[in-house]
Amino acid sequence: MNLRQKVRACLWFDREAEEAANFYVSLFASSRILDIARYSEAGPGEPGSVLTVVFELAGVQYLALNGGPYFKFTEAISLSVDCADQAEVDELWDKLGAGGQYSRCGWLKDRYGLSWQIVPARLPELIGGPDKAGAKRAMEAMLQMSKLDVAALERAYAGAS
């Protein structure tokens, strides 16, 4: 098994790296924990406690680090999920947002503070479609939403109420 991916995001947690990685891999197909490294007697963490977790979400590797309380996630970085349909949007919105904070335009923070964009695959077609007036209406509708609603976006694009 090759644990090396040339470039991967490192997600800094206080002490929840393993818990968060297990939660994330439970939500996406083709996801798994690849490796867990533990602090040694050299520290600085408690010997045997989790230092890093390498995990894969839908085939993309991430590194979760238990680095302590020094840094927190901000919306300046988020993970964007391309959802096949409204059912997938609904499922991930509910599961990732549980214990976190819902925002606008398909954004949420999970219970660990990591920001996610839960995006239906249809969205780029609607806000970038050939009908410029329809695209404008779809964009305006999206800006009013918290969780994205494909049917409502399609109605807005079509000019229907």
# chains A, B, ... in the order shown; residues from 1 in each chain; ligands from 1
>>> residues_around(residues="Ser78 in chain A", least_positions_apart="4", cutoff="10 Å", atoms="only C-alpha atoms", output="list in words")
Phe73, Thr74, Trp107, Leu108, Lys109, Leu114, Ser115, Trp116 and Gln117 of chain A
>>> residues_around(residues="Arg155 in chain A", least_positions_apart="5", cutoff="10 Å", atoms="only C-alpha atoms", output="NGL selection string")
:A and (134 or 137-138 or 141 or 150 or 160-161)
>>> residues_around(residues="Leu96 in chain A", least_positions_apart="2", cutoff="10 Å", atoms="only C-alpha atoms", output="list of chain:residue names")
A:Phe23, A:Tyr24, A:Leu27, A:Glu91, A:Leu92, A:Trp93, A:Asp94, A:Ala98, A:Gly99, A:Gly100, A:Gln101, A:Tyr102, A:Leu108, A:Lys109, A:Asp110, A:Arg111, A:Tyr112, A:Leu114, A:Ser115, A:Trp116, A:Ile118
>>> residues_around(residues="Tyr39 in chain A", least_positions_apart="6", cutoff="6 Å", atoms="only C-alpha atoms", output="MDAnalysis selection string")
chainID A and resid 45 47:49 51
>>> write_last_selection(atoms="N, CA and C atoms", output="short mmCIF file (atom, residue, chain, number, x, y, z; two decimals), in the first residue's frame")
data_model
loop_
_atom_site.label_atom_id
_atom_site.label_comp_id
_atom_site.auth_asym_id
_atom_site.auth_seq_id
_atom_site.Cartn_x
_atom_site.Cartn_y
_atom_site.Cartn_z
N GLY A 45 3.66 15.26 22.81
CA GLY A 45 2.40 14.73 23.31
C GLY A 45 2.62 13.56 24.24
N PRO A 47 3.03 9.99 25.43
CA PRO A 47 3.46 8.79 24.71
C PRO A 47 2.29 7.84 24.44
N GLY A 48 2.18 7.38 23.19
CA GLY A 48 1.11 6.48 22.80
C GLY A 48 -0.13 7.18 22.27
N SER A 49 -0.27 8.48 22.54
CA SER A 49 -1.44 9.20 22.02
C SER A 49 -1.23 9.50 20.53
N LEU A 51 -0.61 11.17 17.16
CA LEU A 51 0.06 12.35 16.60
C LEU A 51 -0.60 12.71 15.27
#
>>> select_by_dssp(residues="range 11-122 of chain A", states="strand (DSSP E or B)", output="PyMOL selection string")
chain A and resi 11-13+32-38+50-57+60-66+78-83+101-102+107-109+115-120
>>> write_last_selection(atoms="C-alpha atoms", output="CSV table (one decimal), in the first residue's frame")
chain,number,residue,atom,x,y,z
A,11,LEU,CA,-5.9,19.4,9.0
A,12,TRP,CA,-4.8,20.7,12.5
A,13,PHE,CA,-6.9,19.4,15.4
A,32,ARG,CA,-10.4,4.6,4.7
A,33,ILE,CA,-7.8,5.2,7.4
A,34,LEU,CA,-4.3,4.5,6.0
A,35,ASP,CA,-2.0,5.1,8.9
A,36,ILE,CA,-1.9,6.3,12.5
A,37,ALA,CA,1.3,7.6,14.0
A,38,ARG,CA,1.7,8.0,17.8
A,50,VAL,CA,-2.3,9.9,18.4
A,51,LEU,CA,0.1,12.3,16.6
A,52,THR,CA,-1.2,12.0,13.0
A,53,VAL,CA,-3.8,10.1,11.0
A,54,VAL,CA,-3.4,9.6,7.3
A,55,PHE,CA,-6.8,9.0,5.7
A,56,GLU,CA,-8.4,9.0,2.3
A,57,LEU,CA,-11.8,10.5,1.4
A,60,VAL,CA,-8.0,11.8,-1.9
A,61,GLN,CA,-5.5,11.7,1.0
A,62,TYR,CA,-5.5,14.0,4.0
A,63,LEU,CA,-3.3,14.2,7.1
A,64,ALA,CA,-5.0,14.9,10.4
A,65,LEU,CA,-2.6,16.3,13.1
A,66,ASN,CA,-3.2,16.5,16.8
A,78,SER,CA,-13.0,24.4,3.2
A,79,LEU,CA,-13.7,21.0,1.6
A,80,SER,CA,-16.1,21.2,-1.3
A,81,VAL,CA,-18.2,18.1,-2.0
A,82,ASP,CA,-19.7,17.5,-5.4
A,83,CYS,CA,-23.1,15.8,-4.7
A,101,GLN,CA,-23.0,25.3,12.5
A,102,TYR,CA,-25.0,25.8,9.3
A,107,TRP,CA,-21.6,26.1,3.6
A,108,LEU,CA,-21.4,24.5,7.0
A,109,LYS,CA,-18.9,23.9,9.8
A,115,SER,CA,-15.8,24.2,6.8
A,116,TRP,CA,-17.5,22.2,4.1
A,117,GLN,CA,-19.3,23.3,0.9
A,118,ILE,CA,-22.1,20.8,0.1
A,119,VAL,CA,-22.7,21.4,-3.6
A,120,PRO,CA,-25.2,19.7,-5.9
>>> atom_distance(atom1="CA of Asp85 in chain A", atom2="CA of Ala121 in chain A")
6.9 Å
>>> select_by_dssp(residues="range 10-145 of chain A", states="helix (DSSP H, G or I)", output="PyMOL selection string")
chain A and resi 17-27+86-97+123-127+132-143
>>> closest_residue(among="A:Asp90, A:Gly106, A:Gln144, A:Glu154", to="Ile127 in chain A", atoms="only C-alpha atoms")
A:Glu154
>>> closest_residue(among="A:Asp14, A:Glu19, A:Asp149, A:Glu46", to="Lys72 in chain A", atoms="only C-alpha atoms")
A:Asp14
>>> residues_around(residues="Ala135 in chain A", least_positions_apart="6", cutoff="6 Å", atoms="only C-alpha atoms", output="list in words")
Leu126, Ile127, Gly128, Gly129 and Tyr157 of chain A
>>> write_last_selection(atoms="C-alpha atoms", output="compact mmCIF listing (two decimals), in the first residue's frame")
# COMPACT_ATOMS: atom_id res chain seq x y z
CA LEU A 126 -27.62 26.63 -13.34
CA ILE A 127 -25.51 29.59 -12.22
CA GLY A 128 -23.34 29.40 -15.35
CA GLY A 129 -25.97 28.30 -17.85
CA TYR A 157 -33.39 29.40 -13.51
>>> atom_distance(atom1="CA of Phe71 in chain A", atom2="CA of Lys95 in chain A")
24.5 Å
